[in-house]
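Coordinates as given in upload_21.cif (mmCIF, C-alpha atoms):
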data_query
loop_
_atom_site.group_PDB
_atom_site.id
_atom_site.type_symbol
_atom_site.label_atom_id
_atom_site.label_comp_id
_atom_site.auth_asym_id
_atom_site.auth_seq_id
_atom_site.Cartn_x
_atom_site.Cartn_y
_atom_site.Cartn_z
ATOM 1 C CA MET A 1 61.150 26.913 -4.162
ATOM 2 C CA LYS A 2 58.958 26.613 -7.231
ATOM 3 C CA LEU A 3 58.028 30.300 -7.522
ATOM 4 C CA ALA A 4 60.602 32.704 -8.922
ATOM 5 C CA HIS A 5 61.269 36.438 -8.751
ATOM 6 C CA GLY A 6 58.336 38.543 -9.890
ATOM 7 C CA ASP A 7 55.950 35.622 -10.354
ATOM 8 C CA LYS A 8 52.236 36.292 -10.180
ATOM 9 C CA LEU A 9 50.166 33.649 -8.404
ATOM 10 C CA VAL A 10 46.404 33.596 -8.926
ATOM 11 C CA MET A 11 44.379 31.539 -6.452
ATOM 12 C CA ILE A 12 40.825 30.593 -7.402
ATOM 13 C CA GLY A 13 38.108 28.662 -5.613
ATOM 14 C CA ASP A 14 34.964 29.032 -3.508
ATOM 15 C CA SER A 15 34.218 30.622 -0.096
ATOM 16 C CA ILE A 16 37.165 28.857 1.539
ATOM 17 C CA THR A 17 39.429 30.764 -0.835
ATOM 18 C CA ASP A 18 37.295 33.929 -0.933
ATOM 19 C CA CYS A 19 37.224 34.705 2.815
ATOM 20 C CA GLY A 20 36.043 38.281 2.252
ATOM 21 C CA ARG A 21 38.644 39.187 -0.382
ATOM 22 C CA GLY A 22 38.531 42.475 -2.251
ATOM 23 C CA ARG A 23 36.523 43.005 -5.431
ATOM 24 C CA PRO A 24 36.825 42.761 -8.368
ATOM 25 C CA ILE A 25 40.291 41.274 -7.855
ATOM 26 C CA GLY A 26 41.461 40.435 -4.366
ATOM 27 C CA GLU A 27 44.897 41.860 -3.684
ATOM 28 C CA GLY A 28 46.640 44.705 -1.908
ATOM 29 C CA LEU A 29 46.468 45.998 1.658
ATOM 30 C CA GLY A 30 43.853 45.371 4.322
ATOM 31 C CA ASP A 31 41.565 42.470 3.536
ATOM 32 C CA GLY A 32 42.369 42.537 -0.177
ATOM 33 C CA LEU A 33 43.447 38.906 -0.067
ATOM 34 C CA GLY A 34 40.746 37.935 2.406
ATOM 35 C CA ARG A 35 41.241 36.488 5.878
ATOM 36 C CA GLY A 36 42.026 32.892 4.991
ATOM 37 C CA TYR A 37 44.798 30.675 3.691
ATOM 38 C CA VAL A 38 45.524 32.909 0.683
ATOM 39 C CA SER A 39 46.557 35.818 2.908
ATOM 40 C CA MET A 40 48.606 33.426 5.055
ATOM 41 C CA VAL A 41 50.442 32.126 1.995
ATOM 42 C CA GLU A 42 51.169 35.673 0.901
ATOM 43 C CA GLY A 43 52.331 36.717 4.361
ATOM 44 C CA LEU A 44 54.726 33.806 4.688
ATOM 45 C CA LEU A 45 56.130 34.266 1.186
ATOM 46 C CA GLN A 46 56.547 37.976 1.839
ATOM 47 C CA THR A 47 58.391 37.521 5.128
ATOM 48 C CA VAL A 48 60.549 34.506 4.207
ATOM 49 C CA TYR A 49 61.139 35.294 0.523
ATOM 50 C CA PRO A 50 60.900 39.116 0.369
ATOM 51 C CA GLN A 51 63.538 39.209 -2.366
ATOM 52 C CA LEU A 52 61.214 37.341 -4.745
ATOM 53 C CA ALA A 53 58.527 40.074 -4.852
ATOM 54 C CA ILE A 54 55.788 37.513 -5.509
ATOM 55 C CA ARG A 55 52.375 38.998 -6.358
ATOM 56 C CA ILE A 56 49.233 37.106 -5.304
ATOM 57 C CA ALA A 57 45.661 37.677 -6.471
ATOM 58 C CA ASN A 58 42.666 36.016 -4.814
ATOM 59 C CA VAL A 59 39.698 35.350 -7.100
ATOM 60 C CA GLY A 60 37.827 32.901 -4.888
ATOM 61 C CA THR A 61 34.044 33.408 -4.930
ATOM 62 C CA SER A 62 31.681 32.110 -2.258
ATOM 63 C CA GLY A 63 29.210 29.462 -3.361
ATOM 64 C CA ASN A 64 31.086 28.596 -6.548
ATOM 65 C CA THR A 65 31.234 25.184 -8.152
ATOM 66 C CA VAL A 66 33.539 24.113 -10.956
ATOM 67 C CA ARG A 67 30.689 25.078 -13.297
ATOM 68 C CA ASP A 68 30.911 28.659 -12.014
ATOM 69 C CA LEU A 69 34.689 28.679 -12.412
ATOM 70 C CA LYS A 70 34.283 27.746 -16.053
ATOM 71 C CA ALA A 71 31.909 30.680 -16.599
ATOM 72 C CA ARG A 72 34.430 33.220 -15.265
ATOM 73 C CA TRP A 73 37.682 31.524 -16.275
ATOM 74 C CA GLN A 74 38.516 34.003 -19.030
ATOM 75 C CA THR A 75 38.164 37.140 -16.898
ATOM 76 C CA ASP A 76 39.332 35.758 -13.557
ATOM 77 C CA VAL A 77 42.202 33.561 -14.706
ATOM 78 C CA LEU A 78 43.339 33.926 -18.302
ATOM 79 C CA ASP A 79 42.966 37.712 -18.476
ATOM 80 C CA LEU A 80 45.034 38.093 -15.281
ATOM 81 C CA LYS A 81 47.970 36.369 -16.987
ATOM 82 C CA PRO A 82 49.277 34.426 -13.980
ATOM 83 C CA ASP A 83 52.654 32.736 -13.872
ATOM 84 C CA TRP A 84 51.244 30.231 -11.390
ATOM 85 C CA LEU A 85 47.659 29.165 -10.732
ATOM 86 C CA SER A 86 46.160 27.468 -7.683
ATOM 87 C CA VAL A 87 42.714 25.832 -7.908
ATOM 88 C CA MET A 88 40.681 24.484 -4.998
ATOM 89 C CA ILE A 89 37.087 23.704 -5.960
ATOM 90 C CA GLY A 90 34.558 20.975 -5.279
ATOM 91 C CA THR A 91 33.066 21.647 -1.858
ATOM 92 C CA ASN A 92 29.830 23.121 -3.203
ATOM 93 C CA ASP A 93 29.718 20.614 -6.065
ATOM 94 C CA VAL A 94 29.373 17.955 -3.351
ATOM 95 C CA TRP A 95 27.604 19.920 -0.590
ATOM 96 C CA ARG A 96 24.596 20.901 -2.712
ATOM 97 C CA GLN A 97 23.888 17.208 -3.214
ATOM 98 C CA TYR A 98 23.393 16.937 0.562
ATOM 99 C CA ASP A 99 21.922 20.250 1.712
ATOM 100 C CA GLN A 100 19.779 20.754 -1.410
ATOM 101 C CA PRO A 101 19.004 17.163 -2.425
ATOM 102 C CA TYR A 102 15.826 18.064 -4.303
ATOM 103 C CA ILE A 103 17.279 21.035 -6.228
ATOM 104 C CA LYS A 104 19.148 18.877 -8.661
ATOM 105 C CA GLU A 105 20.109 21.669 -11.040
ATOM 106 C CA SER A 106 22.479 22.917 -8.323
ATOM 107 C CA HIS A 107 24.328 19.597 -8.230
ATOM 108 C CA VAL A 108 27.593 19.024 -10.096
ATOM 109 C CA TYR A 109 28.067 15.274 -10.445
ATOM 110 C CA PRO A 110 31.435 13.532 -10.888
ATOM 111 C CA ASP A 111 31.374 13.260 -14.686
ATOM 112 C CA GLU A 112 30.767 16.991 -15.159
ATOM 113 C CA TYR A 113 33.211 17.875 -12.391
ATOM 114 C CA GLU A 114 36.017 15.853 -13.930
ATOM 115 C CA ALA A 115 35.350 16.936 -17.506
ATOM 116 C CA THR A 116 35.192 20.620 -16.545
ATOM 117 C CA LEU A 117 38.288 20.560 -14.360
ATOM 118 C CA ASP A 118 40.161 18.728 -17.100
ATOM 119 C CA GLU A 119 39.055 21.297 -19.684
ATOM 120 C CA LEU A 120 40.134 24.261 -17.540
ATOM 121 C CA VAL A 121 43.557 22.782 -16.809
ATOM 122 C CA GLU A 122 44.067 21.813 -20.454
ATOM 123 C CA LYS A 123 43.336 25.321 -21.757
ATOM 124 C CA THR A 124 45.566 26.959 -19.131
ATOM 125 C CA LYS A 125 48.617 24.768 -18.528
ATOM 126 C CA ASN A 126 50.653 25.828 -21.565
ATOM 127 C CA GLY A 127 50.346 29.503 -20.682
ATOM 128 C CA VAL A 128 51.645 29.282 -17.126
ATOM 129 C CA LYS A 129 54.755 28.050 -15.352
ATOM 130 C CA GLY A 130 52.744 25.758 -13.153
ATOM 131 C CA ILE A 131 49.372 24.822 -11.682
ATOM 132 C CA VAL A 132 48.592 23.611 -8.173
ATOM 133 C CA LEU A 133 45.441 21.490 -7.873
ATOM 134 C CA MET A 134 44.082 21.229 -4.339
ATOM 135 C CA THR A 135 41.411 18.743 -3.340
ATOM 136 C CA PRO A 136 38.162 19.757 -1.697
ATOM 137 C CA PHE A 137 37.762 18.465 1.860
ATOM 138 C CA TYR A 138 35.175 17.709 4.521
ATOM 139 C CA LEU A 139 36.135 17.985 8.170
ATOM 140 C CA GLU A 140 34.654 14.653 9.196
ATOM 141 C CA PRO A 141 37.091 11.970 10.379
ATOM 142 C CA ASN A 142 34.758 9.067 9.588
ATOM 143 C CA PRO A 143 35.488 8.062 5.956
ATOM 144 C CA SER A 144 32.195 6.141 5.857
ATOM 145 C CA ASP A 145 30.158 9.296 6.393
ATOM 146 C CA ALA A 146 28.167 9.865 3.196
ATOM 147 C CA MET A 147 29.375 13.392 2.437
ATOM 148 C CA ARG A 148 32.952 12.574 3.442
ATOM 149 C CA ALA A 149 32.943 9.555 1.117
ATOM 150 C CA THR A 150 31.633 11.661 -1.761
ATOM 151 C CA MET A 151 34.189 14.388 -1.084
ATOM 152 C CA ASP A 152 36.952 11.776 -1.125
ATOM 153 C CA ALA A 153 35.724 10.611 -4.538
ATOM 154 C CA TYR A 154 35.961 14.181 -5.870
ATOM 155 C CA GLY A 155 39.411 14.467 -4.314
ATOM 156 C CA ALA A 156 40.416 11.363 -6.258
ATOM 157 C CA ILE A 157 39.280 13.132 -9.440
ATOM 158 C CA VAL A 158 41.555 16.068 -8.607
ATOM 159 C CA LYS A 159 44.466 13.696 -8.071
ATOM 160 C CA ARG A 160 43.768 11.918 -11.365
ATOM 161 C CA THR A 161 43.588 15.268 -13.188
ATOM 162 C CA ALA A 162 46.855 16.418 -11.634
ATOM 163 C CA GLU A 163 48.588 13.206 -12.691
ATOM 164 C CA LYS A 164 47.188 13.451 -16.220
ATOM 165 C CA HIS A 165 48.431 17.007 -16.741
ATOM 166 C CA GLY A 166 51.578 16.892 -14.624
ATOM 167 C CA THR A 167 50.498 19.618 -12.197
ATOM 168 C CA LEU A 168 51.367 19.922 -8.539
ATOM 169 C CA PHE A 169 48.856 18.226 -6.230
ATOM 170 C CA VAL A 170 47.741 19.042 -2.683
ATOM 171 C CA ASP A 171 45.734 16.488 -0.721
ATOM 172 C CA THR A 172 44.035 18.853 1.703
ATOM 173 C CA GLN A 173 41.918 16.056 3.182
ATOM 174 C CA ALA A 174 45.056 14.144 4.168
ATOM 175 C CA ALA A 175 46.440 17.308 5.770
ATOM 176 C CA PHE A 176 43.264 17.769 7.799
ATOM 177 C CA ASP A 177 43.047 14.090 8.741
ATOM 178 C CA LYS A 178 46.310 14.480 10.670
ATOM 179 C CA VAL A 179 44.711 17.281 12.674
ATOM 180 C CA LEU A 180 41.372 15.481 13.105
ATOM 181 C CA ALA A 181 43.170 12.571 14.707
ATOM 182 C CA HIS A 182 43.580 14.845 17.744
ATOM 183 C CA ILE A 183 40.932 17.580 17.499
ATOM 184 C CA TYR A 184 37.136 17.310 17.250
ATOM 185 C CA PRO A 185 35.890 18.684 13.888
ATOM 186 C CA ALA A 186 33.710 21.419 15.402
ATOM 187 C CA THR A 187 36.861 22.938 16.901
ATOM 188 C CA ILE A 188 38.148 23.569 13.374
ATOM 189 C CA ALA A 189 34.851 24.263 11.580
ATOM 190 C CA TRP A 190 31.353 24.459 13.066
ATOM 191 C CA ASP A 191 29.853 23.306 9.739
ATOM 192 C CA ARG A 192 32.767 20.974 8.866
ATOM 193 C CA VAL A 193 33.490 23.111 5.797
ATOM 194 C CA HIS A 194 34.602 26.648 6.684
ATOM 195 C CA PRO A 195 37.827 26.374 8.697
ATOM 196 C CA SER A 196 39.064 28.276 11.718
ATOM 197 C CA THR A 197 42.365 30.140 11.680
ATOM 198 C CA GLY A 198 44.087 26.860 12.505
ATOM 199 C CA GLY A 199 42.283 25.186 9.627
ATOM 200 C CA HIS A 200 43.356 27.870 7.190
ATOM 201 C CA LEU A 201 46.919 27.492 8.422
ATOM 202 C CA THR A 202 46.629 23.783 7.658
ATOM 203 C CA LEU A 203 45.671 24.678 4.085
ATOM 204 C CA ALA A 204 48.449 27.260 3.796
ATOM 205 C CA LYS A 205 51.055 24.789 5.024
ATOM 206 C CA ALA A 206 49.858 22.095 2.606
ATOM 207 C CA PHE A 207 50.063 24.544 -0.298
ATOM 208 C CA LEU A 208 53.497 25.843 0.720
ATOM 209 C CA ASP A 209 54.815 22.300 1.089
ATOM 210 C CA ALA A 210 53.730 21.614 -2.494
ATOM 211 C CA ILE A 211 55.689 24.573 -3.853
ATOM 212 C CA GLU A 212 58.732 23.550 -1.788
ATOM 213 C CA PHE A 213 58.653 26.523 0.556
ATOM 214 C CA SER A 214 61.578 26.496 2.990
ATOM 215 C CA TRP A 215 61.889 28.466 6.224
ATOM 216 C CA ASN A 216 65.483 29.135 5.214
ATOM 217 C CA GLY A 217 64.259 31.224 2.287
#

How does the structure come out when it is put into C-alpha coordinates?
Amino acid sequence: MKLAHGDKLVMIGDSITDCGRGRPIGEGLGDGLGRGYVSMVEGLLQTVYPQLAIRIANVGTSGNTVRDLKARWQTDVLDLKPDWLSVMIGTNDVWRQYDQPYIKESHVYPDEYEATLDELVEKTKNGVKGIVLMTPFYLEPNPSDAMRATMDAYGAIVKRTAEKHGTLFVDTQAAFDKVLAHIYPATIAWDRVHPSTGGHLTLAKAFLDAIEFSWNG
(Lines of atoms letter the chains of each structure in order from A and count residues from 1; the text may use other names and numbers.)
(Lines give C-alpha, C1' and ligand atoms only; values in the text may rest on other atoms or scores of the structure.)
Protein backbone atom coordinates (compact mmCIF):
# COMPACT_ATOMS: atom_id res chain seq x y z
CA MET A 1 0.00 0.00 0.00
CA LYS A 2 1.29 3.42 -0.99
CA LEU A 3 0.47 5.21 2.28
CA ALA A 4 2.71 4.62 5.27
CA HIS A 5 2.41 4.91 9.05
CA GLY A 6 1.37 8.37 10.21
CA ASP A 7 0.82 9.77 6.72
CA LYS A 8 -1.52 12.71 6.31
CA LEU A 9 -3.75 12.63 3.24
CA VAL A 10 -5.45 15.83 2.11
CA MET A 11 -8.31 15.45 -0.37
CA ILE A 12 -9.41 18.53 -2.31
CA GLY A 13 -12.12 19.11 -4.88
CA ASP A 14 -15.66 20.41 -5.36
CA SER A 15 -19.09 19.38 -3.96
CA ILE A 16 -18.49 15.72 -4.78
CA THR A 17 -15.56 15.82 -2.37
CA ASP A 18 -17.14 18.30 0.06
CA CYS A 19 -20.34 16.35 0.88
CA GLY A 20 -21.07 18.47 3.96
CA ARG A 21 -17.59 18.22 5.50
CA GLY A 22 -16.61 20.20 8.57
CA ARG A 23 -15.25 23.74 8.43
CA PRO A 24 -12.66 25.16 8.20
CA ILE A 25 -10.90 21.81 7.77
CA GLY A 26 -12.94 18.67 7.39
CA GLU A 27 -11.76 15.96 9.74
CA GLY A 28 -12.63 14.27 13.01
CA LEU A 29 -15.80 12.63 14.29
CA GLY A 30 -19.36 12.95 13.02
CA ASP A 31 -19.59 14.47 9.57
CA GLY A 32 -16.13 16.03 9.77
CA LEU A 33 -15.09 14.25 6.59
CA GLY A 34 -18.48 14.66 4.96
CA ARG A 35 -20.81 11.89 3.81
CA GLY A 36 -19.12 10.92 0.56
CA TYR A 37 -16.18 8.99 -0.82
CA VAL A 38 -13.65 10.73 1.45
CA SER A 39 -15.29 9.35 4.59
CA MET A 40 -15.53 5.92 2.93
CA VAL A 41 -11.81 5.97 2.13
CA GLU A 42 -11.03 6.91 5.71
CA GLY A 43 -13.33 4.25 7.13
CA LEU A 44 -11.82 1.49 5.02
CA LEU A 45 -8.25 2.56 5.77
CA GLN A 46 -9.08 2.76 9.46
CA THR A 47 -10.64 -0.70 9.63
CA VAL A 48 -8.23 -2.57 7.33
CA TYR A 49 -5.02 -0.68 8.15
CA PRO A 50 -5.59 0.53 11.75
CA GLN A 51 -1.89 0.11 12.51
CA LEU A 52 -1.00 2.84 10.00
CA ALA A 53 -2.84 5.65 11.86
CA ILE A 54 -3.48 7.53 8.61
CA ARG A 55 -4.94 11.03 9.05
CA ILE A 56 -7.30 12.38 6.37
CA ALA A 57 -8.46 15.97 5.88
CA ASN A 58 -11.26 16.92 3.48
CA VAL A 59 -10.99 20.39 1.94
CA GLY A 60 -13.48 19.94 -0.88
CA THR A 61 -15.67 23.02 -1.46
CA SER A 62 -18.98 22.97 -3.31
CA GLY A 63 -19.10 24.88 -6.57
CA ASN A 64 -15.33 25.08 -6.96
CA THR A 65 -13.45 25.07 -10.23
CA VAL A 66 -9.71 24.66 -10.68
CA ARG A 67 -9.57 28.47 -10.62
CA ASP A 68 -11.00 28.42 -7.09
CA LEU A 69 -8.54 25.74 -6.01
CA LYS A 70 -5.68 27.95 -7.11
CA ALA A 71 -7.01 30.82 -4.99
CA ARG A 72 -7.03 28.71 -1.80
CA TRP A 73 -4.13 26.37 -2.54
CA GLN A 74 -1.78 27.94 0.01
CA THR A 75 -4.16 27.73 2.97
CA ASP A 76 -6.01 24.54 2.06
CA VAL A 77 -3.14 22.45 0.74
CA LEU A 78 0.37 23.76 1.32
CA ASP A 79 -0.25 25.07 4.84
CA LEU A 80 -1.72 21.70 5.87
CA LYS A 81 1.57 20.00 5.00
CA PRO A 82 0.15 16.76 3.59
CA ASP A 83 2.22 13.67 2.93
CA TRP A 84 -0.23 12.70 0.19
CA LEU A 85 -2.63 14.83 -1.83
CA SER A 86 -5.71 13.80 -3.80
CA VAL A 87 -7.24 16.20 -6.35
CA MET A 88 -10.56 15.74 -8.14
CA ILE A 89 -11.70 18.90 -9.93
CA GLY A 90 -13.29 19.79 -13.25
CA THR A 91 -17.01 19.11 -12.94
CA ASN A 92 -17.96 22.76 -12.47
CA ASP A 93 -15.34 23.91 -14.98
CA VAL A 94 -17.35 21.94 -17.56
CA TRP A 95 -20.88 22.18 -16.11
CA ARG A 96 -21.00 25.98 -16.07
CA GLN A 97 -20.46 25.92 -19.82
CA TYR A 98 -23.76 24.04 -20.13
CA ASP A 99 -26.01 25.31 -17.34
CA GLN A 100 -24.76 28.92 -17.54
CA PRO A 101 -23.86 29.23 -21.23
CA TYR A 102 -24.26 33.01 -21.31
CA ILE A 103 -22.31 33.74 -18.10
CA LYS A 104 -18.96 33.18 -19.71
CA GLU A 105 -16.89 34.51 -16.82
CA SER A 106 -17.94 31.39 -14.88
CA HIS A 107 -16.48 29.10 -17.54
CA VAL A 108 -13.04 27.52 -17.21
CA TYR A 109 -11.94 26.44 -20.69
CA PRO A 110 -9.42 23.66 -21.41
CA ASP A 111 -6.34 25.86 -21.79
CA GLU A 112 -6.84 27.52 -18.40
CA TYR A 113 -7.83 24.23 -16.79
CA GLU A 114 -4.70 22.46 -17.97
CA ALA A 115 -2.33 25.33 -17.21
CA THR A 116 -3.74 25.79 -13.70
CA LEU A 117 -3.75 22.10 -12.83
CA ASP A 118 -0.20 21.80 -14.12
CA GLU A 119 0.90 24.80 -12.04
CA LEU A 120 -0.66 23.43 -8.84
CA VAL A 121 0.90 20.00 -9.27
CA GLU A 122 4.29 21.49 -10.15
CA LYS A 123 4.42 23.68 -7.03
CA THR A 124 3.32 20.82 -4.76
CA LYS A 125 4.87 17.57 -5.98
CA ASN A 126 8.34 18.02 -4.46
CA GLY A 127 6.91 18.64 -1.00
CA VAL A 128 4.79 15.51 -0.76
CA LYS A 129 5.29 11.76 -1.01
CA GLY A 130 2.70 11.48 -3.72
CA ILE A 131 -0.26 13.00 -5.53
CA VAL A 132 -3.38 11.26 -6.82
CA LEU A 133 -5.10 13.00 -9.74
CA MET A 134 -8.69 11.93 -10.28
CA THR A 135 -10.66 12.81 -13.40
CA PRO A 136 -13.98 14.61 -13.30
CA PHE A 137 -16.90 12.53 -14.56
CA TYR A 138 -20.42 12.79 -15.95
CA LEU A 139 -22.87 9.98 -15.32
CA GLU A 140 -24.06 9.72 -18.91
CA PRO A 141 -23.25 6.49 -20.76
CA ASN A 142 -23.51 8.04 -24.22
CA PRO A 143 -20.00 9.35 -25.07
CA SER A 144 -21.51 11.49 -27.85
CA ASP A 145 -23.55 13.53 -25.39
CA ALA A 146 -22.17 17.07 -25.49
CA MET A 147 -21.38 17.44 -21.78
CA ARG A 148 -20.05 13.89 -21.53
CA ALA A 149 -17.73 14.51 -24.49
CA THR A 150 -16.45 17.72 -22.91
CA MET A 151 -15.94 16.02 -19.56
CA ASP A 152 -13.97 13.26 -21.28
CA ALA A 153 -11.72 15.92 -22.84
CA TYR A 154 -11.03 17.39 -19.38
CA GLY A 155 -10.38 13.88 -18.09
CA ALA A 156 -7.78 13.48 -20.83
CA ILE A 157 -6.10 16.65 -19.54
CA VAL A 158 -5.91 15.12 -16.06
CA LYS A 159 -4.36 11.97 -17.50
CA ARG A 160 -1.82 14.00 -19.48
CA THR A 161 -0.93 16.02 -16.37
CA ALA A 162 -0.51 12.87 -14.30
CA GLU A 163 1.80 11.36 -16.92
CA LYS A 164 3.83 14.56 -17.17
CA HIS A 165 4.44 14.77 -13.42
CA GLY A 166 4.52 11.07 -12.59
CA THR A 167 1.55 11.16 -10.22
CA LEU A 168 -0.97 8.42 -9.58
CA PHE A 169 -4.02 8.60 -11.86
CA VAL A 170 -7.65 7.60 -11.30
CA ASP A 171 -10.01 7.38 -14.27
CA THR A 172 -13.28 7.86 -12.42
CA GLN A 173 -15.27 7.95 -15.66
CA ALA A 174 -14.02 4.48 -16.58
CA ALA A 175 -14.99 3.24 -13.11
CA PHE A 176 -18.50 4.63 -13.52
CA ASP A 177 -18.86 3.35 -17.08
CA LYS A 178 -18.63 -0.21 -15.73
CA VAL A 179 -21.57 0.54 -13.45
CA LEU A 180 -23.55 2.44 -16.11
CA ALA A 181 -23.41 -0.60 -18.35
CA HIS A 182 -25.97 -2.14 -15.97
CA ILE A 183 -27.67 0.73 -14.11
CA TYR A 184 -29.58 3.74 -15.45
CA PRO A 185 -27.75 7.01 -14.57
CA ALA A 186 -30.61 8.48 -12.52
CA THR A 187 -30.27 5.54 -10.14
CA ILE A 188 -26.77 6.75 -9.26
CA ALA A 189 -27.28 10.52 -9.57
CA TRP A 190 -30.49 12.41 -10.34
CA ASP A 191 -28.48 15.23 -11.95
CA ARG A 192 -25.78 12.92 -13.39
CA VAL A 193 -23.19 14.67 -11.21
CA HIS A 194 -23.79 14.16 -7.49
CA PRO A 195 -23.56 10.42 -6.78
CA SER A 196 -25.59 8.16 -4.53
CA THR A 197 -23.96 6.08 -1.81
CA GLY A 198 -23.18 3.47 -4.45
CA GLY A 199 -21.62 6.13 -6.64
CA HIS A 200 -19.42 7.38 -3.82
CA LEU A 201 -18.35 3.81 -3.15
CA THR A 202 -17.36 3.58 -6.80
CA LEU A 203 -15.13 6.62 -6.31
CA ALA A 204 -13.70 5.27 -3.06
CA LYS A 205 -12.86 1.93 -4.65
CA ALA A 206 -11.19 3.61 -7.64
CA PHE A 207 -9.07 5.75 -5.31
CA LEU A 208 -8.14 2.81 -3.07
CA ASP A 209 -7.18 0.71 -6.08
CA ALA A 210 -4.79 3.48 -7.14
CA ILE A 211 -3.00 3.48 -3.78
CA GLU A 212 -2.81 -0.34 -3.85
CA PHE A 213 -5.19 -0.92 -0.96
CA SER A 214 -5.50 -4.61 -0.09
CA TRP A 215 -8.23 -6.26 1.97
CA ASN A 216 -5.48 -8.29 3.60
CA GLY A 217 -4.10 -5.12 5.18

Listed atoms of stretch 34-39 of chain A, axis-aligned box, 8 Å per side: centre and edge lengths to one decimal in Å, as AutoDock Vina command-line options?
--center_x 43.7 --center_y 34.3 --center_z 3.3 --size_x 21.8 --size_y 23.3 --size_z 21.2

>> Let me make sure I understand: among A:Gly6, A:Gly130, A:Pro24, A:Pro110, which one has the smallest atom-to-atom distance to A:Leu168 if we use only C-alpha atoms?
In response: A:Gly130

> Given the choices A:Ala146, A:Leu120, A:Ala181, A:Leu9, which gets closest to A:Ile54 if the distance is worked out from all atoms listed in the file?
Replying inline: A:Leu9

> Within 9 Å of (62.0, 37.2, -10.1), in the coordinates the file gives, what residues turn up when you count only C-alpha atoms, written out as an MDAnalysis selection string?
Replying inline: chainID A and resid 3:7 51:54

>> Running the PyMOL selection byres ((chain A and resi 33-45) around 7) on this model by hand, what would come out? Give it as a PyMOL selection string.
In response: chain A and resi 17-22+26-28+31-32+46-50+56-58+200-201+203-204

> Of the residues A:Leu117, A:Val193, A:Leu139, A:Ile183, which is the one nearest to A:Asp14, using all atoms listed in the file?
Replying inline: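 Residue with the minimum atom-to-atom distance to A:Asp14: A:Val193.
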
> Which of these residues is nearest to A:Asp118, using all atoms listed in the file: A:Glu105, A:Val94, A:Lys164, A:Ser144?
Replying inline: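 Closest residue, counting all atoms listed in the file: A:Lys164.
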
Which residues of stretch 93-190 of chain A come within 12 Å of stretch 70-84 of chain A, and what is each one's closest atom pair and distance in Å (one decimal), counting all atoms listed in the file, sorted by chain and residue number, as a tab-separated table?
residue	atom	partner	partner_atom	distance
A:Glu112	CA	A:Lys70	CA	11.4
A:Tyr113	CA	A:Lys70	CA	10.6
A:Ala115	CA	A:Lys70	CA	11.0
A:Thr116	CA	A:Lys70	CA	7.2
A:Leu117	CA	A:Lys70	CA	8.4
A:Asp118	CA	A:Lys70	CA	10.8
A:Glu119	CA	A:Lys70	CA	8.8
A:Leu120	CA	A:Lys70	CA	7.0
A:Val121	CA	A:Lys70	CA	10.5
A:Lys123	CA	A:Leu78	CA	9.3
A:Thr124	CA	A:Leu78	CA	7.4
A:Lys125	CA	A:Trp84	CA	9.4
A:Asn126	CA	A:Asp83	CA	10.5
A:Gly127	CA	A:Asp83	CA	7.9
A:Val128	CA	A:Asp83	CA	4.9
A:Lys129	CA	A:Asp83	CA	5.3
A:Gly130	CA	A:Trp84	CA	5.0
A:Ile131	CA	A:Trp84	CA	5.7
A:Val132	CA	A:Trp84	CA	7.8
A:Leu133	CA	A:Trp84	CA	11.1
A:Thr167	CA	A:Trp84	CA	10.7
A:Leu168	CA	A:Trp84	CA	10.7

>> Quick check on the file I pasted: which residues fall under the PyMOL selection byres ((chain A and resi 134) around 12)? Write them as a PyMOL selection string.
In response: chain A and resi 11-13+16-17+85-91+117+131-133+135-137+154-162+167-175+203-204+206-208+210

>> Report, in Å to a single decimal, how far apart atom CA of A:Ala149 and atom CA of A:Arg67 are.
In response: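 Atom CA of A:Ala149 lies at a distance of 21.3 Å from atom CA of A:Arg67.
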
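Coordinates place atom CA of A:Gly30 at a distance of 27.2 Å from atom CA of A:Arg192.
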
> Separation of atom CA of A:Ala189 and atom CA of A:Ser106, in Å?
Replying inline: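 So the answer is 23.5 Å.
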
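Comparing the minimum interatomic distances between A:Val10 and each of A:Gly60, A:Pro101, A:Pro185, A:Gly198, counting only C-alpha atoms, we find that A:Gly60 sits nearest.
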
> Hey, what's within 10 Å of A:Trp95 if we count all atoms listed in the file and toss same-chain stuff fewer than 3 positions away? As a ChimeraX atom specification, please?
Replying inline: /A:65,90-92,98-101,106-108,138,147-148,150-151,193

> Nearest to A:Thr202: which of A:Val179, A:Leu29, A:Ala186, A:Ala153 is it, counting all atoms listed in the file?
Replying inline: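 Nearest candidate to A:Thr202 out of A:Val179, A:Leu29, A:Ala186, A:Ala153: A:Val179.
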